[in-house]
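Visitor: Encoded as structure tokens, here's the structure I'll be asking about.
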Amino acid sequence: MTDTAVATPRRRNVLTSRIKGLARRSPTAAVGFAIVGLFALGGIFAPLITPYDPVHSFPREILVDPGSTFWFGTDGNGMDIFSRVIFGARYAFAIAVPAVLLSLVIGVPLGLWVGYVGGALDEVTMRVLDALRVFPSIILALAVVAAAGPSVLNVVLVIGVLDSPIFARVVRAEVLALRSSTMVEAAKAAGNPTWRIVMVHLLPNAIQGAMAQSAVRAAWAIRISAALAFLGVGIQVPTPEWGVMIRQGAEFMVTGQWWVALFPGVALMILMLGLNMLGDGMQDLLNPRRRG
Amino acid sequence: MNAIGDTDQTTATPLAERRPILTARDLVKEFDVGGATLHAVNDVNFTIRQGEIVGMVGESGSGKSTIGRLVLSLLKQTSGDVTFDGENLASLSDKALRALRARMQIVFQDPWSALNPRMSVGRQIGEPLLLHTNLSRSERRQRVERLAERVRLPAKFLSRTPAELSGGQLQRVCIARAIATEPELVVLDEPTSSLDLSVRAGILELLAELRRELGVAMLFISHDLGTVKLISDRIIVLYLGTIVEEGPASLVFGAPAHPYTQALMSAHLPPNPRAPLKRHVLEGEVPSPINLPKGCRFASRCPVALPECSDSLPPLVATGEEDRRAACIRIADGGNRLNL
Amino acid sequence: MTLLAIDNLETDFVSRTLDDEIRVAHALNKVSFEVNRGEIVGLVGETGAGKSLTAQSVLGLLRAPARVVGGEAVFDGRDLLTLPPAEMNELRGYEIGLVVQNPRTSLDPLCRIGDQLVRMQRAHRPVNGRVARKKAVDMLAAVGIPEPERRMRAWPHELSGGMAQRVLMAMALINEPRLLIADEPTTGLDVTVQAAILDLLRQIVLERSMGALIITHDLGVVAHYCERVAVMFAGSIVEEGTVDAVFETPSHPYTRALLSATPERLKLGSGRQLGGPPPDLYNLPIGCHYRDRCERVRDICTTPPPATDLGEGHRVQCHFAKDLEGQPL
């Protein structure tokens with residue numbers, strides 16, 4: 001078994017069969033992962049896959065029906081919707097990934113800190129976060145982006161900050177359970193200073209829930225950014241962003257050019273579904289009680 | 001086959017002449033439970049000498065685990081003092097207390113929950129060395145390997161996480177971590193209760209060996225009378241957060257003085273069908289630690305109680321045999337013996 | 001008279017590894033023993049030996065991935081292993097009482113003690129409410145609960161551990177079962193409480209000439225409360241007999257190791273290696289399952305050990321049972 005000569009091929013076998021095993025235990029996660037992976041690849045290799053430049057306008061090809069030349073048709077500016085939908089995946093990830101990272105960077109330390117210190121600090125912080133949460137986030141986001149100006153960076157900042165309480169909450173709940181655990185008592189008895197108890201012993205054990213949440217929160221980030229764009233305060237025309245495209249297409253729905261809004265809408269829906277499935281599946285896999 | 005009760009400990013140096021490593025004086029711990037006060041530990045006084053194993057027995061609610069934590073300042077007492085090698089723990093700064101932790105350690109009941117599931121056991125054994133010594137990484141690794149060997153944990157386990165080890169192996173990890181900095185006192189809170197019989201025996205062997213070779217003092221907290229009897233030099237018996245009897249293991253087990261100790265010992269079932277049982281089954285239930293009885297805590301269930309037992313708390317006084325102390329006014333008139 | 005006869009009971013675990021391979025473990029391996037009327041039988045062994053699994057297999061309480069694959073368990077002329085679930089439900093709690101380990105989690109927290117005892121009776125037979133309540137009060141008194149009338153109205157959380165265990169005992173006994181199966185009935189209880197519960201159990205078994213199976217890891221309980229004992233290791237019964245025979249002349253190396261590991265017999269500093277890693281059910285040694293840990297292992301141990309009968313029902317599964325019989329520990 002320790003023979004190195006056979007170790008290499010065997011290892012790959014183990015890896016593939018382990019992936020198979022994980023897929024069996026959570027088919028949801030597997031399907032979600034496949035969908036998200038497909039969109040990510042689409043976004044990365046968009047220039048190679050797409051037949052046209054997403055912002056190139058064909059002045060004589062305005063509102064063309066879906067067909068063999070323009071698979072998803074063209075929009076009111078004569079831009080190819082298929083190419084724009086594919087490039088749209090880039091924007092979806094470009095917003096979701098940094099926004100979720102920002103939420104983690106703010107939320108996780110906050111949850112760790114208030115959870116471990118507890119008492120009045122915890123009470124006050126949690127009430128503030130609750131207040132933030134009950135306020136409709138889309139309106140808050142709308143106000144902030146409207147004031148700060150519509151740019152990808154601002155959208156990311158707003159979404160990242162608005163969503164951080166979720167992570168703070170998840171991490172705090174874990175820390176509360178761990179704080180009175182024997183493990184922490186043992187760490188204290190060994191002579192660990194507080195910072196080390198929090199960083200070395202609590203953090204790695206408290207962060208799982210937040211990680212599992214991140215896919216679901218990414219879906220939320222994409223939806224909010226699309227909503228902002230749809231309302232006209234987020235990313236602007238002609239950026240190939242799904243929310244912008246749906247907004248553009250909305251006015252053509254009444255006149256019968258359904259394809260302008262439909263395709264970005266469907267793309268948005270499928271990616272969100274994929275992210276949610278991935279998130280749910282990850283939760284299943286990480287939660288030992290639900291493990292088969 | 002051996003008769004039960006011939007495993008008394010004898011030690012070379014008289015324990016009574018050794019320096020006290022830990023002294024608890026008038027220790028009191030109260031918890032606030034929804035407005036009411038729960039009296040967990042009431043005016044407890046005891047001393048642990050260098051290299052001595054003190055067994056602390058009592059049933060649930062007797063306060064033994066709380067005392068184990070107070071002694072190490074993992075819990076803050078309501079009043080009273082804990083003195084470790086001349087230093088009053090309450091007067092120390094956080095930093096000084098942390099530094100002192102190199103000299104006093106603890107092993108918990110449940111090794112599964114006492115270890116960080118996401119850290120290799122080798123790193124966890126080495127953690128006290130990282131915190132309390134200036135050893136280099138490679139020196140620490142060598143020490144950890146020696147410690148693993150010391151507790152008979154195969155070195156191949158050091159890189160694994162706790163989930164990959166059995167309960168007995170995990171408890172060996174906890175013990176290795178506790179002795180890493182060569183402490184002078186280790187508190188063992190039910191260290192073998194969650195383990196199987198044969199695994200338990202191995203751990204007890206190891207603890208006895210560590211005491212012999214390292215001269216470490218131990219506070220061995222357990223409800224398992226057989227285990228405590230086997231390993232302890234001295235026994236402290238608790239009832240409702242109060243010491244009712246204290247003395248050499250042979251005396252407390254051989255001829256318990258306090259009626260509660262007698263009842264407790266009589267309920268123990270030795271694994272020998274021929275061993276005669278002299279049973280005294282206690283009536284009633286342990287009074288609530290929220291409403292402590294005024295007099296002797298045991299008076300409500302004591303078969304030899306007199307009316308005056310409920311008047312005032314009997315003091316813990318010497319019984320005249322060796323250095324045994326007991327808190328029962330019936331010892332003086334010889335009426336403390338239960339009909340067993 | 002035999003109440004329950006378990007014969008060659010076999011239970012498997014079927015599971016998948018992380019690498020997606022199917023693994024089968026023979027968790028119970030030809031387990032056979034009997035429980036007679038008026039006796040308490042002790043089933044001992046370490047964690048994972050299959051003690052609780054034996055009870056669960058017999059009572060039809062197995063959950064995936066465990067399943068019975070062979071043998072029979074005859075109670076009252078019927079094989080419990082092939083009984084339809086509806087009939088099994090009828091037996092369980094009525095003719096066979098069950099006491100599980102954790103009294104806190106086995107009582108319905110939203111139901112008063114008295115109501116639970118009434119419900120237990122009505123689950124099996126239509127009973128007049130007043131009669132059922134009267135019987136519940138009597139049962140609570142019988143298990144030594146003071147002020148049973150008042151306790152009928154108590155909620156489970158108001159009970160101490162010992163009281164909760166008594167209530168559980170009352171639940172198991174209220175329908176006057178003929179067989180009682182108790183899984184670690186006193187684990188986690190204080191010794192003084194344990195004594196009272198066990199005294200009660202023995203008294204009831206004798207009075208009603210029931211049979212009882214106590215699953216425990218406490219050899220002291222077995223020594224003083226059981227008539228017969230079966231010692232399990234890695235899913236097999238390695239030694240079985242009267243308590244006197246097994247404790248006085250233990251003849252399987254595992255039983256001997258177990259007995260010498262009790263604090264009362266343990267000699268600290270003897271340097272003797274006791275115990276060892278728990279057996280890996282998925283990877284048991286061929287032949288005698290104990291041979292990896294056995295002090296006396298020989299070449300012959302790679303063949304399955306024969307069941308050696310030492311007389312008076314003292315059976316041992318070891319090649320050297322005859323040699324070990326009567327030797328000092």
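Letters A, B, ... go to the chains of the structure tokens in the order shown; residues in each chain start at 1; ligands are counted from 1 in the same order.
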I want to know what sits within 7 Å of region 201-215 of chain A, based on only C-alpha atoms, with residues of the same chain fewer than 5 positions away left out; could you give that as a PyMOL selection string?

Guide: (chain A and resi 100+167+170-171+174-175+275-276+278-279+282-283) or (chain B and resi 116+118)

Visitor: Wanna dump the chain A-chain C contacts at 8 Å for me, each residue with its shortest atom pair and the distance in Å to one decimal, counting only C-alpha atoms, ordered by chain and number, as a tab-separated table?

Guide:
residue	atom	partner	partner_atom	distance
A:Val14	CA	C:Asp19	CA	6.2
A:Leu15	CA	C:Asp19	CA	7.9
A:Ser17	CA	C:Asp19	CA	5.1
A:Arg18	CA	C:Asp19	CA	4.4
A:Ile19	CA	C:Asp19	CA	7.9
A:Lys20	CA	C:Asp20	CA	6.7
A:Gly21	CA	C:Asp20	CA	4.6
A:Leu22	CA	C:Leu18	CA	7.3

Visitor: Just need the residues of chain B within 10 Å of chain A, counting only C-alpha atoms, so spit them out as JSON, numbers by chain.

Guide: {"B": [69, 72, 73, 74, 75, 94, 95, 97, 98, 99, 100, 101, 102, 103, 104, 105, 106, 107, 108, 109, 110, 111, 112, 113, 114, 115, 116, 117, 118, 119, 124, 125, 127, 128, 129, 130, 131, 132, 174, 177, 178, 180, 181]}

Visitor: Using only C-alpha atoms, determine which residues lie at most 12 Å from Arg296 (chain C), disregarding the query and same-chain residues fewer than 3 positions distant; provide the list as number ranges by chain.

Guide: C: 252-254, 256-257, 288, 290-293, 299-301, 318-321, 323-324

Visitor: Enumerate as a short mmCIF file (atom, residue, chain, number, x, y, z; two decimals) with C-alpha atoms, in the first residue's frame the residues belonging to chain C that approach chain B to within 7 Å, with only C-alpha atoms taken into account.

Guide:
data_model
loop_
_atom_site.label_atom_id
_atom_site.label_comp_id
_atom_site.auth_asym_id
_atom_site.auth_seq_id
_atom_site.Cartn_x
_atom_site.Cartn_y
_atom_site.Cartn_z
CA GLU C 46 -17.27 -2.77 25.17
CA THR C 47 -18.63 -0.01 22.95
CA ASP C 190 -25.46 8.07 40.72
CA VAL C 191 -24.44 4.88 42.50
CA THR C 192 -26.88 5.33 45.35
CA ALA C 195 -28.68 0.60 43.75
CA ALA C 196 -32.32 1.48 44.34
CA LEU C 219 -19.50 -5.75 35.55
CA GLY C 220 -20.49 -4.88 39.11
CA VAL C 221 -24.14 -4.69 38.06
CA ALA C 223 -22.10 -9.68 39.28
CA HIS C 224 -24.76 -8.72 41.78
CA ASP C 244 -20.75 -17.47 39.21
CA PHE C 247 -16.78 -14.57 37.11
CA LEU C 258 -12.16 -7.55 31.00
CA ALA C 261 -9.23 -4.47 33.89
CA THR C 262 -11.77 -3.69 36.60
CA PRO C 263 -10.31 -1.22 39.10
CA GLU C 264 -10.87 -3.75 41.89
CA ARG C 265 -8.53 -6.27 40.27
CA LEU C 268 -1.12 -0.64 38.72
CA GLY C 269 2.48 -0.91 37.73
CA LEU C 274 -4.59 -4.32 28.60
CA GLY C 275 -7.11 -3.40 25.98
CA PRO C 328 -5.87 -17.52 38.08
CA LEU C 329 -6.30 -14.20 36.28
#

Visitor: Within 7 Å of Arg112 (chain C), counting only C-alpha atoms, which residues show up once you throw out same-chain ones fewer than 2 positions away? Write them as a list in words, please.

Guide: Leu110, Gly114, Asp115, Gln116, Met152, Arg153, Ala154, Trp155 and Pro156 of chain C

Visitor: For Glu95 (chain C), list every protein, DNA or RNA residue within 9 Å, evaluated using only C-alpha atoms, and leave out those in the same chain fewer than 6 positions away; present the list as a VMD selection string.

Guide: chain C and resid 175 to 180

Visitor: In Å, with one decimal, what is the gap from CA of Gln317 (chain C) to CA of Ser236 (chain C)?

Guide: 9.0 Å

Visitor: Considering only helix (DSSP H, G or I) as DSSP defines it on the backbone, what residues of region 69-220 of chain C qualify? List them as JSON, numbers by chain.

Guide: {"C": [80, 81, 82, 85, 86, 87, 88, 89, 90, 91, 103, 104, 105, 106, 113, 114, 115, 116, 117, 118, 119, 120, 121, 122, 129, 130, 131, 132, 133, 134, 135, 136, 137, 138, 139, 140, 141, 142, 148, 149, 150, 151, 156, 157, 158, 161, 162, 163, 164, 165, 166, 167, 168, 169, 170, 171, 172, 173, 191, 192, 193, 194, 195, 196, 197, 198, 199, 200, 201, 202, 203, 204, 205, 206, 207, 219, 220]}

Visitor: What's around Gly249 (chain A) at 12 Å? Count only C-alpha atoms, leave out sequence neighbours fewer than 6 positions away in its own chain, and write the answer as a count of residues only.

Guide: 22

Visitor: For Ile235 (chain B), work out the shell of residues within 10 Å, counting only C-alpha atoms and skipping chain neighbours fewer than 4 positions away, then give it as a list in words.

Guide: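 With the cut-off at 10 Å, the set is Ile53, Val54, Gly55, Met56, Val57, Leu219, Phe220, Ile221, Val228, Lys229, Glu245, Glu246, Gly247, Pro248, Ala249, Ser250, Leu251, Val252, Phe253 and Arg324 of chain B.
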
Visitor: Would you please give, as a VMD selection string, all residues of region 92-289 of chain B that DSSP assigns to strand (DSSP E) based on the backbone?

Guide: chain B and resid 104 to 107 185 to 189 217 to 221 234 to 239 242 to 248

Visitor: CA of Pro238 (chain A) and CA of Ser137 (chain A) are how many Å apart?

Guide: 25.7 Å
